[in-house]
Number of protein chains: 2
Amino acid sequence: MQRSLFSQRMQNIRASEIRELLKVTEQPEIISFAGGLPAPELFPARELAALTEEILLKQGTRALQYSTTEGYTPLRKKICERMQKVLNATVNLEETLITCGSQQALDFIGKAFLDKGDEVLMESPSYLGAINAFRAYEPKFVEVATDHEGMIPEALEEALKNARRPKFIYVVPDFQNPTGRTWSLARREALVRLTEKYEVLIVEDNPYGELRFEGEQIPAVKSLDTHGRVLYLGTFSKTLCPGMRIGWIAAAHHLIEPLVLIKQGADLHSSTLSQMQINLFMERYNLDDHIQSIREVYRRRRDTLIDAMEQRFDDNIRFTRPSGGLFSWIELPEGRDSRVLLEKAIGQKVAFVPGGSFYPCAPKHNTLRLNFSNMPEHRIVEGVERLEMLLNT
Amino acid sequence: MQRSLFSQRMQNIRASEIRELLKVTEQPEIISFAGGLPAPELFPARELAALTEEILLKQGTRALQYSTTEGYTPLRKKICERMQKVLNATVNLEETLITCGSQQALDFIGKAFLDKGDEVLMESPSYLGAINAFRAYEPKFVEVATDHEGMIPEALEEALKNARRPKFIYVVPDFQNPTGRTWSLARREALVRLTEKYEVLIVEDNPYGELRFEGEQIPAVKSLDTHGRVLYLGTFSKTLCPGMRIGWIAAAHHLIEPLVLIKQGADLHSSTLSQMQINLFMERYNLDDHIQSIREVYRRRRDTLIDAMEQRFDDNIRFTRPSGGLFSWIELPEGRDSRVLLEKAIGQKVAFVPGGSFYPCAPKHNTLRLNFSNMPEHRIVEGVERLEMLLNT
């Protein structure tokens, strides 16, 4: 029976190191720079409790019933308004689809667009969850050389020229996971220009864009898109809470339509109640104010992490200083292996994510990702001290 | 750009007639026998409001945070206990995975097991949502001749013999969607025997099993399975409420493990809060009592529908008399087309689902499905009267 019990695509599907790590790091004594967990003490639990009672008592028969695949219309309208206001991106109701977090959006996009062997172009490194989602559809990954300003246009054009069936370019232009880097405007414009020339789509994954600590906001790729080539992925996971699993895709209607059909077959629709909860939160409270309070806490934690690393780490250890988001990216000297470091670190009750899995083709094992959003400052300092000791042994 | 914008599998993915119909039937003046909607007035909205407040105020940081892919452990344990008690099926914690309703379970099973051209054997007719979910993975559907007791064993064996790469047999043995039929014990035993002989899996989809109105419960196929060949799909959609999208898969650990990896890539996990809500409902309230109240209401509605059809319909219109569940299945005289009937019916503000889409290979367009769970009795009578008029014109 084992001969062909599972489908061939299962040979490509692997456990995410992050998710496996989360199990170890659930122990409260672990100082965890792993995962991408928001600060739970900032979740608006009290507000959501009040809202939920109102929804269930006044509209319980609707909130607990099946609903349409596209999503709850009032929430979709608010998403359109917010994308206009925050991103200057014009999106109509019919161009939106509610998903179970951006992870589901990534899976659907793989399903809708990828045949075996089609090329997906990605930053190097890129988001592990996207690699995992796309891998199920057996694409060929192409890593495009990327520096602190984003993908290098010459490298991108070369990759597009050499690709046989390029389907889309996947990017996280703001405070990228895992590096924390943000693309410059010039690079975003070059990206849009090249996708028009080579007729490919862009998947812009933007979970962290609103969590900017300083400096000017740079226009979203979606706002530069005049040819309807950008599939924009948004989520409430980092601005409100991830546990309810509500995100969205915004894209031209002819791209959204097949994604709606996919969602119909994949889970019918996202939780009606969760959508109504987030919608009412946005009506009753000021999401901007809430996000501002998150920004302030994360900025202090980012400062604490960077200061501690500057003080403690040797000069041959390089790290990014992100202007927003949840992550800093570390490069150890050539030849060191962060997987070996992690084994020792777990013994010292500190955890992080080794960087190798963020490279779809050519892992650099001397890299690692540190999350700074999930821990109070004294724990961050303590964690860096432990890491430093391990790095010096 | 249109040459190969979408993946080849998209050619197989179609809009579900039910979901499209739901949009029309949202108008309150429509008497709808369409959809598979539970009675919303029975949702425990007040109880859930109280529970939710308790969860959010006491455990809000947990309820709104990311959680493990497998699901919330206390809920998974309760599912194991309930499967033992209600189905006499022994399932361990490690053999369960929480999903976004059974629809997501169907999608994951397609993804895990089906390569293009693999055979899926199904009842004739079978559940439209399963056909849609599997279709994305491009299998070959094989309809197995089915009567009022279930698949006919001789036809099933013949189909298994002729199949080149049969992967699994998909069945809804209790109060099937769309026919309302229930398999006899002998047929269930024959199914298990044949899958052992031919080394294929069984997918047992059981959303309605607990909604029995009369007669003895027949053992679940899962409880007859001694070789770990059954993937059992359960859901809270019909026993509690569908809007929160919580279901589960119970299967041998070596079958669950790859499904967990698929869920990791597909949406990370199901809503933490929804899982905690259902878990606490099962702790604080008696789910059996709640289900009993659903049974009583649905039985009366079933009786009303059947009585009205017996009084009104001509003898050449055949229909099933289900002992549970949500649906009755109508066969019109040969040559009549229920799609044509539906067009006229919508004009008379009554809706149902034409039966053709429930046949993966050879649609019988003289069939249709009537749902009786979602309307008060006087509307059911009124709806049958309108249908009768249309049938006689």
# chains A, B, ... in the order shown; residues from 1 in each chain; ligands from 1
call {"tool": "closest_atom_pairs", "arguments": {"of": "region 109-214 of chain A", "to": "region 302-321 of chain A", "cutoff": "10 Å", "atoms": "only C-alpha atoms", "output": "JSON lines"}}
result
{"residue": "A:His148", "atom": "CA", "partner": "A:Thr320", "partner_atom": "CA", "distance": 8.8}
{"residue": "A:Phe175", "atom": "CA", "partner": "A:Arg321", "partner_atom": "CA", "distance": 10.0}
{"residue": "A:Thr179", "atom": "CA", "partner": "A:Thr320", "partner_atom": "CA", "distance": 6.9}
{"residue": "A:Gly180", "atom": "CA", "partner": "A:Thr320", "partner_atom": "CA", "distance": 6.9}
{"residue": "A:Arg181", "atom": "CA", "partner": "A:Thr320", "partner_atom": "CA", "distance": 7.4}
{"residue": "A:Phe213", "atom": "CA", "partner": "A:Arg302", "partner_atom": "CA", "distance": 9.2}
call {"tool": "write_last_selection", "arguments": {"atoms": "C-alpha atoms", "output": "JSON list (two decimals), in the first residue's frame"}}
result
[["chain", "number", "residue", "atom", "x", "y", "z"],
["A", 148, "HIS", "CA", 19.14, 46.47, 1.86],
["A", 175, "PHE", "CA", 10.04, 45.28, 7.18],
["A", 179, "THR", "CA", 15.39, 40.44, 7.37],
["A", 180, "GLY", "CA", 13.40, 43.46, 8.55],
["A", 181, "ARG", "CA", 14.50, 45.29, 5.38],
["A", 213, "PHE", "CA", 8.70, 53.10, 14.04]]
call {"tool": "select_by_dssp", "arguments": {"residues": "region 26-173 of chain A", "states": "strand (DSSP E)", "output": "NGL selection string"}}
result
:A and (31-32 or 96-99 or 119-123 or 140-144 or 146-147 or 150-151 or 166-171)
call {"tool": "write_last_selection", "arguments": {"atoms": "N, CA and C atoms", "output": "JSON list (two decimals), in the first residue's frame"}}
result
[["chain", "number", "residue", "atom", "x", "y", "z"],
["A", 31, "ILE", "N", 13.55, 31.96, 26.76],
["A", 31, "ILE", "CA", 13.59, 33.30, 26.17],
["A", 31, "ILE", "C", 13.53, 33.10, 24.67],
["A", 32, "SER", "N", 12.41, 33.43, 24.07],
["A", 32, "SER", "CA", 12.23, 33.07, 22.66],
["A", 32, "SER", "C", 12.28, 34.27, 21.72],
["A", 96, "THR", "N", -11.88, 42.26, -3.45],
["A", 96, "THR", "CA", -11.39, 41.77, -2.16],
["A", 96, "THR", "C", -11.95, 40.39, -1.85],
["A", 97, "LEU", "N", -11.17, 39.63, -1.12],
["A", 97, "LEU", "CA", -11.58, 38.31, -0.64],
["A", 97, "LEU", "C", -11.00, 38.13, 0.75],
["A", 98, "ILE", "N", -11.86, 37.79, 1.72],
["A", 98, "ILE", "CA", -11.39, 37.53, 3.09],
["A", 98, "ILE", "C", -10.78, 36.13, 3.14],
["A", 99, "THR", "N", -9.63, 36.01, 3.81],
["A", 99, "THR", "CA", -8.96, 34.72, 3.94],
["A", 99, "THR", "C", -8.65, 34.43, 5.41],
["A", 119, "GLU", "N", 7.95, 29.05, -12.63],
["A", 119, "GLU", "CA", 8.90, 29.76, -11.77],
["A", 119, "GLU", "C", 8.21, 30.77, -10.84],
["A", 120, "VAL", "N", 8.62, 30.75, -9.58],
["A", 120, "VAL", "CA", 8.27, 31.79, -8.62],
["A", 120, "VAL", "C", 9.56, 32.52, -8.26],
["A", 121, "LEU", "N", 9.58, 33.83, -8.47],
["A", 121, "LEU", "CA", 10.77, 34.62, -8.13],
["A", 121, "LEU", "C", 10.59, 35.20, -6.74],
["A", 122, "MET", "N", 11.64, 35.12, -5.94],
["A", 122, "MET", "CA", 11.55, 35.58, -4.55],
["A", 122, "MET", "C", 12.80, 36.33, -4.16],
["A", 123, "GLU", "N", 12.64, 37.18, -3.13],
["A", 123, "GLU", "CA", 13.81, 37.79, -2.52],
["A", 123, "GLU", "C", 14.70, 36.69, -1.94],
["A", 140, "LYS", "N", 9.29, 25.95, -9.52],
["A", 140, "LYS", "CA", 10.73, 26.12, -9.44],
["A", 140, "LYS", "C", 10.97, 27.48, -8.79],
["A", 141, "PHE", "N", 11.67, 27.49, -7.67],
["A", 141, "PHE", "CA", 11.95, 28.76, -7.00],
["A", 141, "PHE", "C", 13.19, 29.40, -7.62],
["A", 142, "VAL", "N", 13.12, 30.71, -7.82],
["A", 142, "VAL", "CA", 14.28, 31.46, -8.30],
["A", 142, "VAL", "C", 14.58, 32.54, -7.27],
["A", 143, "GLU", "N", 15.75, 32.45, -6.66],
["A", 143, "GLU", "CA", 16.16, 33.48, -5.69],
["A", 143, "GLU", "C", 16.79, 34.64, -6.44],
["A", 144, "VAL", "N", 16.28, 35.83, -6.19],
["A", 144, "VAL", "CA", 16.82, 37.02, -6.85],
["A", 144, "VAL", "C", 17.70, 37.77, -5.86],
["A", 146, "THR", "N", 19.29, 40.26, -3.55],
["A", 146, "THR", "CA", 18.56, 41.30, -2.82],
["A", 146, "THR", "C", 19.52, 41.99, -1.86],
["A", 147, "ASP", "N", 19.47, 43.32, -1.82],
["A", 147, "ASP", "CA", 20.28, 44.02, -0.83],
["A", 147, "ASP", "C", 19.38, 44.81, 0.11],
["A", 150, "GLY", "N", 16.13, 46.20, -1.40],
["A", 150, "GLY", "CA", 15.17, 45.33, -2.10],
["A", 150, "GLY", "C", 15.87, 44.52, -3.18],
["A", 151, "MET", "N", 15.05, 43.87, -4.04],
["A", 151, "MET", "CA", 15.63, 43.10, -5.14],
["A", 151, "MET", "C", 16.45, 44.03, -6.05],
["A", 166, "PRO", "N", 7.69, 32.06, -15.91],
["A", 166, "PRO", "CA", 7.59, 32.79, -14.64],
["A", 166, "PRO", "C", 6.14, 33.19, -14.38],
["A", 167, "LYS", "N", 5.62, 32.89, -13.19],
["A", 167, "LYS", "CA", 4.23, 33.21, -12.90],
["A", 167, "LYS", "C", 4.09, 34.47, -12.07],
["A", 168, "PHE", "N", 4.88, 34.56, -11.01],
["A", 168, "PHE", "CA", 4.79, 35.78, -10.22],
["A", 168, "PHE", "C", 6.07, 35.99, -9.43],
["A", 169, "ILE", "N", 6.19, 37.24, -8.95],
["A", 169, "ILE", "CA", 7.30, 37.62, -8.09],
["A", 169, "ILE", "C", 6.71, 37.85, -6.71],
["A", 170, "TYR", "N", 7.21, 37.12, -5.74],
["A", 170, "TYR", "CA", 6.69, 37.25, -4.38],
["A", 170, "TYR", "C", 7.62, 38.17, -3.59],
["A", 171, "VAL", "N", 7.04, 39.24, -3.03],
["A", 171, "VAL", "CA", 7.86, 40.19, -2.27],
["A", 171, "VAL", "C", 7.18, 40.61, -0.97]]
call {"tool": "closest_atom_pairs", "arguments": {"of": "chain B", "to": "chain A", "cutoff": "6 Å", "atoms": "only C-alpha atoms", "output": "Markdown table"}}
result
| residue | atom | partner | partner_atom | distance |
| --- | --- | --- | --- | --- |
| B:Phe6 | CA | A:Phe113 | CA | 4.4 |
| B:Ser7 | CA | A:Phe113 | CA | 4.5 |
| B:Ala15 | CA | A:Leu261 | CA | 5.8 |
| B:Pro40 | CA | A:Thr61 | CA | 4.9 |
| B:Ala45 | CA | A:Gly60 | CA | 5.3 |
| B:Ala49 | CA | A:Glu53 | CA | 4.9 |
| B:Glu53 | CA | A:Ala49 | CA | 4.9 |
| B:Leu56 | CA | A:Ala45 | CA | 5.4 |
| B:Gly60 | CA | A:Ala45 | CA | 5.3 |
| B:Thr61 | CA | A:Pro40 | CA | 4.9 |
| B:Leu64 | CA | A:Gly243 | CA | 4.1 |
| B:Gln65 | CA | A:Gly243 | CA | 4.4 |
| B:Tyr66 | CA | A:Gly243 | CA | 4.9 |
| B:Gln103 | CA | A:Asp267 | CA | 4.9 |
| B:Gln104 | CA | A:Asp267 | CA | 4.6 |
| B:Asp107 | CA | A:Ala266 | CA | 5.4 |
| B:Ala112 | CA | A:Ser7 | CA | 5.6 |
| B:Phe113 | CA | A:Phe6 | CA | 4.4 |
| B:Leu114 | CA | A:Ser7 | CA | 5.1 |
| B:Asp115 | CA | A:Ser7 | CA | 5.2 |
| B:Asn132 | CA | A:Gly265 | CA | 5.6 |
| B:Ala133 | CA | A:Gly265 | CA | 4.5 |
| B:Cys241 | CA | A:Leu64 | CA | 5.6 |
| B:Pro242 | CA | A:Gln65 | CA | 5.5 |
| B:Gly243 | CA | A:Leu64 | CA | 4.1 |
| B:Met244 | CA | A:Ser271 | CA | 4.7 |
| B:Arg245 | CA | A:Ser271 | CA | 5.7 |
| B:Leu261 | CA | A:Ala15 | CA | 5.8 |
| B:Gly265 | CA | A:Ala133 | CA | 4.5 |
| B:Ala266 | CA | A:Gln104 | CA | 5.1 |
| B:Asp267 | CA | A:Gln104 | CA | 4.6 |
| B:Ser271 | CA | A:Met244 | CA | 4.7 |
| B:Thr272 | CA | A:Gly243 | CA | 5.1 |
call {"tool": "residues_around", "arguments": {"residues": "Leu332 (chain A)", "least_positions_apart": "4", "cutoff": "12 Å", "atoms": "only C-alpha atoms", "output": "JSON, numbers by chain"}}
result
{"A": [313, 314, 315, 316, 317, 318, 319, 336, 337, 338, 339, 341, 354, 355, 364, 365, 366, 367, 368, 369, 387, 388, 391, 392]}
call {"tool": "write_last_selection", "arguments": {"atoms": "C-alpha atoms", "output": "PDB file, in the first residue's frame"}}
result
ATOM      1  CA  PHE A 313      28.264  41.143  19.804  1.00  0.00           C
ATOM      2  CA  ASP A 314      31.654  41.089  18.104  1.00  0.00           C
ATOM      3  CA  ASP A 315      32.136  43.268  15.047  1.00  0.00           C
ATOM      4  CA  ASN A 316      32.164  40.241  12.782  1.00  0.00           C
ATOM      5  CA  ILE A 317      28.496  39.598  13.564  1.00  0.00           C
ATOM      6  CA  ARG A 318      26.277  41.703  11.316  1.00  0.00           C
ATOM      7  CA  PHE A 319      22.651  42.497  11.944  1.00  0.00           C
ATOM      8  CA  ARG A 336      29.383  29.157  11.396  1.00  0.00           C
ATOM      9  CA  ASP A 337      26.141  27.201  11.426  1.00  0.00           C
ATOM     10  CA  SER A 338      23.132  28.680  13.217  1.00  0.00           C
ATOM     11  CA  ARG A 339      21.552  25.226  13.512  1.00  0.00           C
ATOM     12  CA  LEU A 341      24.096  27.382  17.642  1.00  0.00           C
ATOM     13  CA  PRO A 354      18.016  29.406  11.972  1.00  0.00           C
ATOM     14  CA  GLY A 355      18.132  31.252   8.671  1.00  0.00           C
ATOM     15  CA  LYS A 364      23.048  30.268   4.030  1.00  0.00           C
ATOM     16  CA  HIS A 365      23.390  28.536   7.332  1.00  0.00           C
ATOM     17  CA  ASN A 366      25.366  31.321   8.970  1.00  0.00           C
ATOM     18  CA  THR A 367      22.166  33.382   9.282  1.00  0.00           C
ATOM     19  CA  LEU A 368      19.393  33.553  11.839  1.00  0.00           C
ATOM     20  CA  ARG A 369      16.234  35.519  12.581  1.00  0.00           C
ATOM     21  CA  LEU A 387      23.531  34.321  22.822  1.00  0.00           C
ATOM     22  CA  GLU A 388      26.747  36.256  23.147  1.00  0.00           C
ATOM     23  CA  LEU A 391      28.771  32.782  20.175  1.00  0.00           C
ATOM     24  CA  ASN A 392      32.046  33.173  22.045  1.00  0.00           C
TER      25      ASN A 392
END
call {"tool": "atom_distance", "arguments": {"atom1": "CA of Tyr127 (chain B)", "atom2": "CA of Val203 (chain B)"}}
result
12.3 Å
call {"tool": "decode", "arguments": {"residues": "region 233-357 of chain A", "atoms": "C-alpha atoms", "output": "short mmCIF file (atom, residue, chain, number, x, y, z; two decimals), in the first residue's frame"}}
result
data_model
loop_
_atom_site.label_atom_id
_atom_site.label_comp_id
_atom_site.auth_asym_id
_atom_site.auth_seq_id
_atom_site.Cartn_x
_atom_site.Cartn_y
_atom_site.Cartn_z
CA LEU A 233 -2.08 40.43 0.88
CA GLY A 234 -3.21 42.10 4.08
CA THR A 235 -3.91 40.75 7.55
CA PHE A 236 -5.17 41.77 10.98
CA SER A 237 -2.72 39.37 12.62
CA LYS A 238 -0.13 42.02 13.46
CA THR A 239 -2.37 45.06 13.89
CA LEU A 240 -5.10 43.42 15.99
CA CYS A 241 -4.52 39.74 16.79
CA PRO A 242 -3.54 36.60 14.86
CA GLY A 243 -5.67 34.05 16.74
CA MET A 244 -8.85 34.85 14.81
CA ARG A 245 -7.11 34.18 11.47
CA ILE A 246 -8.53 37.00 9.37
CA GLY A 247 -6.65 38.42 6.40
CA TRP A 248 -7.51 39.43 2.85
CA ILE A 249 -6.44 39.51 -0.76
CA ALA A 250 -6.97 42.66 -2.83
CA ALA A 251 -6.51 42.26 -6.57
CA ALA A 252 -8.15 42.94 -9.92
CA HIS A 253 -11.55 41.26 -10.19
CA HIS A 254 -10.43 38.79 -12.86
CA LEU A 255 -7.73 37.58 -10.44
CA ILE A 256 -10.02 37.53 -7.37
CA GLU A 257 -12.79 35.53 -9.06
CA PRO A 258 -10.85 32.26 -9.39
CA LEU A 259 -9.53 32.73 -5.85
CA VAL A 260 -13.13 32.90 -4.60
CA LEU A 261 -13.85 29.59 -6.34
CA ILE A 262 -10.77 28.11 -4.67
CA LYS A 263 -11.96 29.30 -1.26
CA GLN A 264 -15.37 27.78 -1.92
CA GLY A 265 -13.77 24.38 -2.33
CA ALA A 266 -11.18 24.93 0.41
CA ASP A 267 -13.33 25.95 3.40
CA LEU A 268 -16.54 27.63 2.12
CA HIS A 269 -15.81 30.88 3.99
CA SER A 270 -13.91 32.34 6.95
CA SER A 271 -15.58 32.52 10.36
CA THR A 272 -18.61 34.79 10.17
CA LEU A 273 -18.28 35.74 13.83
CA SER A 274 -14.57 36.61 13.56
CA GLN A 275 -15.27 38.87 10.59
CA MET A 276 -18.09 40.61 12.44
CA GLN A 277 -15.88 41.03 15.52
CA ILE A 278 -13.12 42.75 13.58
CA ASN A 279 -15.64 44.85 11.68
CA LEU A 280 -17.29 46.08 14.87
CA PHE A 281 -13.90 46.73 16.47
CA MET A 282 -13.10 49.05 13.58
CA GLU A 283 -16.46 50.81 14.02
CA ARG A 284 -16.31 51.25 17.77
CA TYR A 285 -12.60 51.89 18.32
CA ASN A 286 -9.83 53.72 16.58
CA LEU A 287 -7.58 51.16 14.90
CA ASP A 288 -4.97 53.86 14.21
CA ASP A 289 -4.65 54.60 17.92
CA HIS A 290 -4.38 50.91 18.67
CA ILE A 291 -1.65 50.46 16.07
CA GLN A 292 0.17 53.49 17.45
CA SER A 293 0.36 51.81 20.85
CA ILE A 294 1.78 48.66 19.25
CA ARG A 295 4.37 50.72 17.38
CA GLU A 296 5.58 52.37 20.56
CA VAL A 297 6.06 49.10 22.40
CA TYR A 298 7.78 47.39 19.48
CA ARG A 299 10.04 50.36 18.84
CA ARG A 300 11.32 50.20 22.42
CA ARG A 301 11.89 46.48 22.07
CA ARG A 302 13.68 46.95 18.75
CA ASP A 303 15.89 49.60 20.39
CA THR A 304 16.62 47.30 23.30
CA LEU A 305 17.57 44.43 21.02
CA ILE A 306 19.78 46.54 18.75
CA ASP A 307 21.48 48.30 21.66
CA ALA A 308 22.18 45.00 23.38
CA MET A 309 23.59 43.46 20.21
CA GLU A 310 25.74 46.53 19.54
CA GLN A 311 27.15 46.35 23.02
CA ARG A 312 27.60 42.62 23.22
CA PHE A 313 28.26 41.14 19.80
CA ASP A 314 31.65 41.09 18.10
CA ASP A 315 32.14 43.27 15.05
CA ASN A 316 32.16 40.24 12.78
CA ILE A 317 28.50 39.60 13.56
CA ARG A 318 26.28 41.70 11.32
CA PHE A 319 22.65 42.50 11.94
CA THR A 320 19.89 44.62 10.43
CA ARG A 321 18.35 47.63 12.18
CA PRO A 322 14.73 47.52 10.96
CA SER A 323 12.60 50.68 10.92
CA GLY A 324 9.51 48.66 11.74
CA GLY A 325 8.04 45.21 11.95
CA LEU A 326 9.02 42.31 14.17
CA PHE A 327 12.42 40.99 13.09
CA SER A 328 16.14 41.59 12.92
CA TRP A 329 18.40 39.38 10.80
CA ILE A 330 21.81 38.22 11.90
CA GLU A 331 24.73 37.13 9.75
CA LEU A 332 27.41 35.18 11.59
CA PRO A 333 30.91 34.87 10.17
CA GLU A 334 31.22 32.50 7.19
CA GLY A 335 31.49 28.91 8.25
CA ARG A 336 29.38 29.16 11.40
CA ASP A 337 26.14 27.20 11.43
CA SER A 338 23.13 28.68 13.22
CA ARG A 339 21.55 25.23 13.51
CA VAL A 340 24.45 24.14 15.71
CA LEU A 341 24.10 27.38 17.64
CA LEU A 342 20.38 26.71 18.18
CA GLU A 343 21.03 23.32 19.71
CA LYS A 344 23.34 24.90 22.24
CA ALA A 345 20.93 27.80 22.73
CA ILE A 346 17.98 25.56 23.58
CA GLY A 347 20.22 24.10 26.31
CA GLN A 348 20.62 27.65 27.65
CA LYS A 349 16.88 28.22 27.33
CA VAL A 350 17.02 30.71 24.50
CA ALA A 351 15.53 30.16 21.04
CA PHE A 352 15.59 31.74 17.56
CA VAL A 353 14.99 30.58 13.99
CA PRO A 354 18.02 29.41 11.97
CA GLY A 355 18.13 31.25 8.67
CA GLY A 356 18.68 28.41 6.22
CA SER A 357 15.00 27.65 5.64
#
